[in-house]
Each structure stands twice: as structure tokens, then as C-alpha cells.
There are 2 protein chains.
Amino acid sequence: MIQPVRWSDGVLELLDQTLLPNREVWLSLVRWEDVADAIRRLAVRGAPAIGIAAAYALVLALGDVRDHQEADQRLSEASRGLSQARPTAVNLFWAIGRMNEVWNAHAGQALPDAQAALLAEAARIHDEDVEGNLRIGAHGAELLPAGCSLLTICNTGGLATGGYGTALGVVRSAWERGKLEVTYLCETRPLLQGARLNAWELLKDRIPYRLLVDGAAGALLRAGKVHAVLVGADRIAANGDTANKIGSYTLACLASRHGVPFYVVAPLSTVDKDTPSGDRIPIEERDAHEVLAPLGCPAAPEGTDAWNPAFDVTPAELITAIITEWGVLRPPYETSIAEALA
Amino acid sequence: MIQPVRWSDGVLELLDQTLLPNREVWLSLVRWEDVADAIRRLAVRGAPAIGIAAAYALVLALGDVRDHQEADQRLSEASRGLSQARPTAVNLFWAIGRMNEVWNAHAGQALPDAQAALLAEAARIHDEDVEGNLRIGAHGAELLPAGCSLLTICNTGGLATGGYGTALGVVRSAWERGKLEVTYLCETRPLLQGARLNAWELLKDRIPYRLLVDGAAGALLRAGKVHAVLVGADRIAANGDTANKIGSYTLACLASRHGVPFYVVAPLSTVDKDTPSGDRIPIEERDAHEVLAPLGCPAAPEGTDAWNPAFDVTPAELITAIITEWGVLRPPYETSIAEALA
């Protein structure tokens, strides 16, 4: 199973996703600041994966502390620093929150015991994610017709999670159950996660796929070639509005127009019950250079400015269902989400 | 005025658009076969520009013929060869047809006179296109509100035409009349004509613009930042269905959902009255490599296949109006198009 994050004897190892598919380089990190940097520069990306990486980063942060007081201070500093690495994916804040709760619950224990509990929690967050994805895959595959063709955007596979994947996990699961004919991959500009990462994963697993430019999605849907659109999520508001990779909202509009189901696929850790609706989700705007120079090769003339939001928000009314490890959530999402969280 | 095609003393000069914006290289061509090749590899592109280039190519084809019989044979051979260069843009066939008519009308004249008439016709096709574009710009600007922000895809400027442009001509015209705030440019994968060519033209003319990835169009429209979407056309069927750069149909769906007008901007030479509807327009599929390797830099792993249609078809019902040199055509297009052609 493709897993982009692993813990090995006090070292956090991350598969550097900026170098895929050409080179498979593992980073060995021992400082939380370097993990924050890896999150910022997308060496590790995907909402669940950055949550897991941040959890382990907090373990690293406490690696050499001498007492509880120093540990508290360091944990608070690292939690703040990691929270600022990226603003949209809520799994980051969720994982940091869980780790802090566990730490506080062990305040009275010996330092090594508390540290061990913290590491155990990070591993639990990781393991739960993988198990959750397998359940998500099963729930998702049930919704799909036999012989189906799917369309997806960005990478939501093993690389974006603890392993197996969310939307790409459903693709895997549909394939394992003999239901999948082909998966169409939006290349996902500006950073081409579809072309670089999804293709890399599916090629490894010998699952049939075909790449297209993001603008071709309309023509593909109009040609009746797609039975369902599957996307991941970086944050799901309490009403079901969903922030995900830029281009997801465009796919949702197209799916709606062509009567094709549009599924958001994500673990419940992606739900932010404190954000009532999508217009309250902070959207990261990244450097214009990502647009101006695909893969670092300059396309536009010097002096050009670009608008580069990393995410967009799909309103709940365009989402056919939200596929979680808990089950398939249907509208009205206020109710079904609250029920799943309870 | 930016003009990508010029005739100079028996030589056809083309600005090689594959090298823009980094290098401005002019090709000097004296064989029709080299013009066909330039059309195929997109050194000259844009429906009106390839029509003009093909017209001059037919003049080149007859450059060294000794008699009418040889000329007839050469014209027929070159017409066939140029017609096969690209399948979708109808202006190519339209220009070749016009040139053949003029040739046939001069069948009884001395060879040099007939050749001179042929060159005059090519120049007329070129001049008419520029004049038409200026009229198109005026008609288009009238439709737009003051202080407007526009969204466009691909390059439809001077580079795609005899000069001034169609959809980008309307942008120019709106700017000249003080009505334009900013133009958003879809980068237009796979070949990035928006980033490479539109940006190059607007930078030269100091018209404000901002680039975005194609997938961000939905978020832009949802944010209410666009007052009209303008696209060019490679072929307009008799019922108004329009083939244009891949991604145009996606924009039309988005414009419709957000209540924003979607204008097709093209000269009447783009109308194909013999094609009743869009499903009869042949759509060129180009090499997967264009998708797999943006600007030639490999993105996807080896062994990946891509679906790469160069165009898509927007059905007439999504088109608010077709802006031509003759005036603004409104639905039902069967009637308004027939009227404009008559």
C-alpha cells in the first residue's frame, strides 16, 4: 500500500511529493519546523496526510525536552507553527487538537510516559485514517454501477492520506470489486497532482486511467462518458458546503448540468462543525508563480500576474452525497453530518 | 497592430507562435507544403489566421508553374493538402474555396494576370478580416457595461486573425472605449495560448489582465467577478452550435449557471452553413504528448495515455449572442445566421 508518511525510530519519513513521478525521494525529518516547511511547500499534501504529518511533528517537537514545563511550551509553539503552515484543510487543526488533548490528559504522568502516549496517538490517527479509508472505499463502491467510468480531480489516493485514499480509494475499491471500467483524471493545474500523483498511483496498481486537461471535463461529461464524479475534501462545513482543490466546483456545476452524481469522499475528520457554511472557510491563495510557470517552465511573459486560489467551495446543493467511513451522508447535510459526528 | 501573417515580395512570413512569448521568430516560407506544416504544428493558428495563411499558400503553390494546365493541377494538389492540415476550423476550407473560385474565374486570362488576381484575392481575404475585426470590436463593446470585467479562453487576438482579433478584439475595443476594468485569461491547457499569447498581446497593448488556471473559472464566476465571457470560434454550425478551443463548453455551462452572458465572437467566414448542427463538426484529437508534457516538460509517468480533443462544441442554447462583423446575432440562430449570410 502506498503510504507517504512513516515513523521510524524517532524519525518522520515523508515521500517528497514535489519530485514525483520522476524521483522517489524520502525526507527524514527530526524537527517540527521542517515538517511545517514540508507541509507549506507541498512535499506532503492532501488533507488527511498533512493531519498525520502534523501529529508526528508534535512528537518530534517534544523529542528532547527536559520537563513538563518545557514540553508544554514547546507543544504550544509547535502547534501554533504547524497550524499556520496551511489555512484550508481542517484535518491539520483537528489532528493538532487531538494531540493536545492527549497531552493534557497525561499532564500528571512521567515525561517518558506522556511522550509515549503522544506517539501512540499519532500512530492511532494514522492507523484510523487507513482503516477509515478502507471503509470509505467499500461504502463508495456500493454506490457505483457495474462497468462504470469515473472522473476525479487532484490526488486523493494513498499519497494524500495515511494510505489507500479517499476518492481514489473508492476508485481502488470499485476496481477490486470488478466494477470499474476506467478512471478519467483531471490533470489538476497548477500543480498537476492528477498527472503526476494519481497517474503514478494507478499505474503502480494497474488500474486503468486516462488523463485529460481540466478544461476538457465539460466535453467528457457531455459525451456521456462519466457515471460519477468523485472528489476529496479539505474542509466540509456543518451544512455540507465543501472546500476542495480548485476546479472541484467547476466539476460540480458540470455534473449537475449533465445529471451525473457528484460525490465528496472524505473522512469525518474533514468535517468542521464550527464552520457553519462554505463562505466561512478560509481559502489559501498561493504564489502566482505556480500558474505562470507549469513545472517551473515559464509560460507567461514576465510582468504577468495570476489569480491562484488553491481551493474552491462547492455548495451543498450540488453534492449528491458525502461518502465517509461512517457511511454515506445524504442531504440535508446539517442533519446527516450532525448524526454522523454524534 | 499585431499581425502574424505578412506577404513580402513572393515570400509568406509567419510569426512562429510556438516560440512565443520567449522568442519572436519569423518564418519565411516559399512552398505551400511548408505552410501546411506550419498550420499542422500550430506555428500559425487561430481559425481566421489559418484561412489567411492558406490563401497565401495557394499563391505560393503557383509561383513557378509554366502554364494553366500545370497551375490547375498544382492548385488542386495544394488545396487538397492544405485542407488536410487541420480538420475543425472552417475558415481554412472557406479561404481555399474563395481562392479556387477566383482562379476559375480567371481561367481564360494570361497566366501572370490570373496569378496576380489570386494574390489580390489573398490580400483581400486578409484585409477584410482586419476590417471585419474592427467592426466586430465595435459591435461587441456596445454590449458591455462600463467598468466591466471579462473572461476569455485561448488566443483570439491579432495572432489568431489577420490582426486586432475577435474575442480579444472586443477586449481591445472595450479598453479603447474606457469600459474595461480587467480581463481574466484562462491559461488554456494544453498549449497555454492564454498564458503565452493573450498575455503577450495584452502586455504589449498595456491592457490590464490576470491569468488563471482553467479549473479556477468556476470559482471566479461564483465570486461575481465576471460580467461577460467571450470566446472565439473555429466553426459555427447553421443552428449556432459552436466548436471552439477545448474548455469553451465548460465556460458556457458555468456562465449559464451564474447568469453571465456568453458571447461567441467570430467573423461570418467561421459559419459553415453546410453543417446543420454541432454534432456534425469534426473534432481534431491531437497527440497525447501535449497533455502529458506541458511546454515539453514531462508531468505524467511514462505509460500514461491522455484524451486530447483540441475543441469542444457549445450548443446554441448556451450562447447569448454571436458577435460578427455584420452585427450581433441573437437566437434563434437558424434565422439570424441565415439573414446575416444573405
# chains A, B, ... in the order shown; residues from 1 in each chain; ligands from 1
>>> select_by_dssp(residues="region 22-55 of chain A", states="alpha helix (DSSP H)", output="list in words")
Trp32, Glu33, Asp34, Val35, Ala36, Asp37, Ala38, Ile39, Arg40, Ala47, Pro48, Ala49, Ile50, Gly51, Ile52, Ala53, Ala54 and Ala55 of chain A
>>> residues_around(residues="Leu27 (chain A)", least_positions_apart="5", cutoff="10 Å", atoms="only C-alpha atoms", output="list in words")
Val5, Val11, Leu12, Glu13, Leu14, Leu15, Asp16, Asp34, Val35, Ala38 and Ala43 of chain A
>>> residues_around(residues="region 211-226 of chain B", least_positions_apart="6", cutoff="6 Å", atoms="only C-alpha atoms", output="list in words")
Asp214, Gly215, Ile246, Gly247, Thr250, Ala306, Trp307 and Asp312 of chain A; Ser149, Leu150, Tyr184, Leu185, Cys186 and Glu187 of chain B
>>> select_by_dssp(residues="region 163-315 of chain B", states="strand (DSSP E or B)", output="VMD selection string")
chain B and resid 165 180 to 186 209 to 212 228 to 231 235 to 237 242 to 245 262 to 265 271 to 272 285 306 309 311 to 314
>>> atom_distance(atom1="CA of Leu268 (chain A)", atom2="CA of Arg280 (chain A)")
18.6 Å
>>> residues_around(residues="region 83-92 of chain B", least_positions_apart="2", cutoff="7 Å", atoms="only C-alpha atoms", output="list in words")
Ala36, Ile39, Arg40, Ala47, Pro48, Ile50, Gly51, Ala54, Ser79, Arg80, Gly81, Trp94, Ala95, Ile96, Asp234, Arg235, Ser269, Thr270, Asp272, Ile281, Pro282, Ile283 and Glu284 of chain B
>>> residues_around(residues="Tyr263 (chain A)", least_positions_apart="3", cutoff="6 Å", atoms="only C-alpha atoms", output="list in words")
Leu230, Thr320, Ala321 and Ile322 of chain A
>>> closest_residue(among="B:Met99, B:Ala138, B:Val65, B:Leu20", to="chain A", atoms="only C-alpha atoms")
B:Leu20
>>> residues_around(residues="Arg286 (chain A)", least_positions_apart="5", cutoff="7 Å", atoms="only C-alpha atoms", output="list in words")
Asn308, Pro309 and Ala310 of chain A
>>> closest_residue(among="A:Ser8, A:Thr188, A:Gln193, A:Gln115", to="Gly63 (chain A)", atoms="only C-alpha atoms")
A:Gln115
>>> residues_around(residues="Ile319 (chain A)", least_positions_apart="3", cutoff="10 Å", atoms="only C-alpha atoms", output="PyMOL selection string")
chain A and resi 240-242+249+252-253+255-256+261-264+314-316+322+330-331+333
>>> closest_residue(among="B:Val260, B:Leu197, B:Ala266, B:Ala116", to="chain A", atoms="only C-alpha atoms")
B:Leu197
>>> closest_residue(among="B:Lys204, B:Lys273, B:Arg210, B:Arg23", to="chain A", atoms="only C-alpha atoms")
B:Arg210
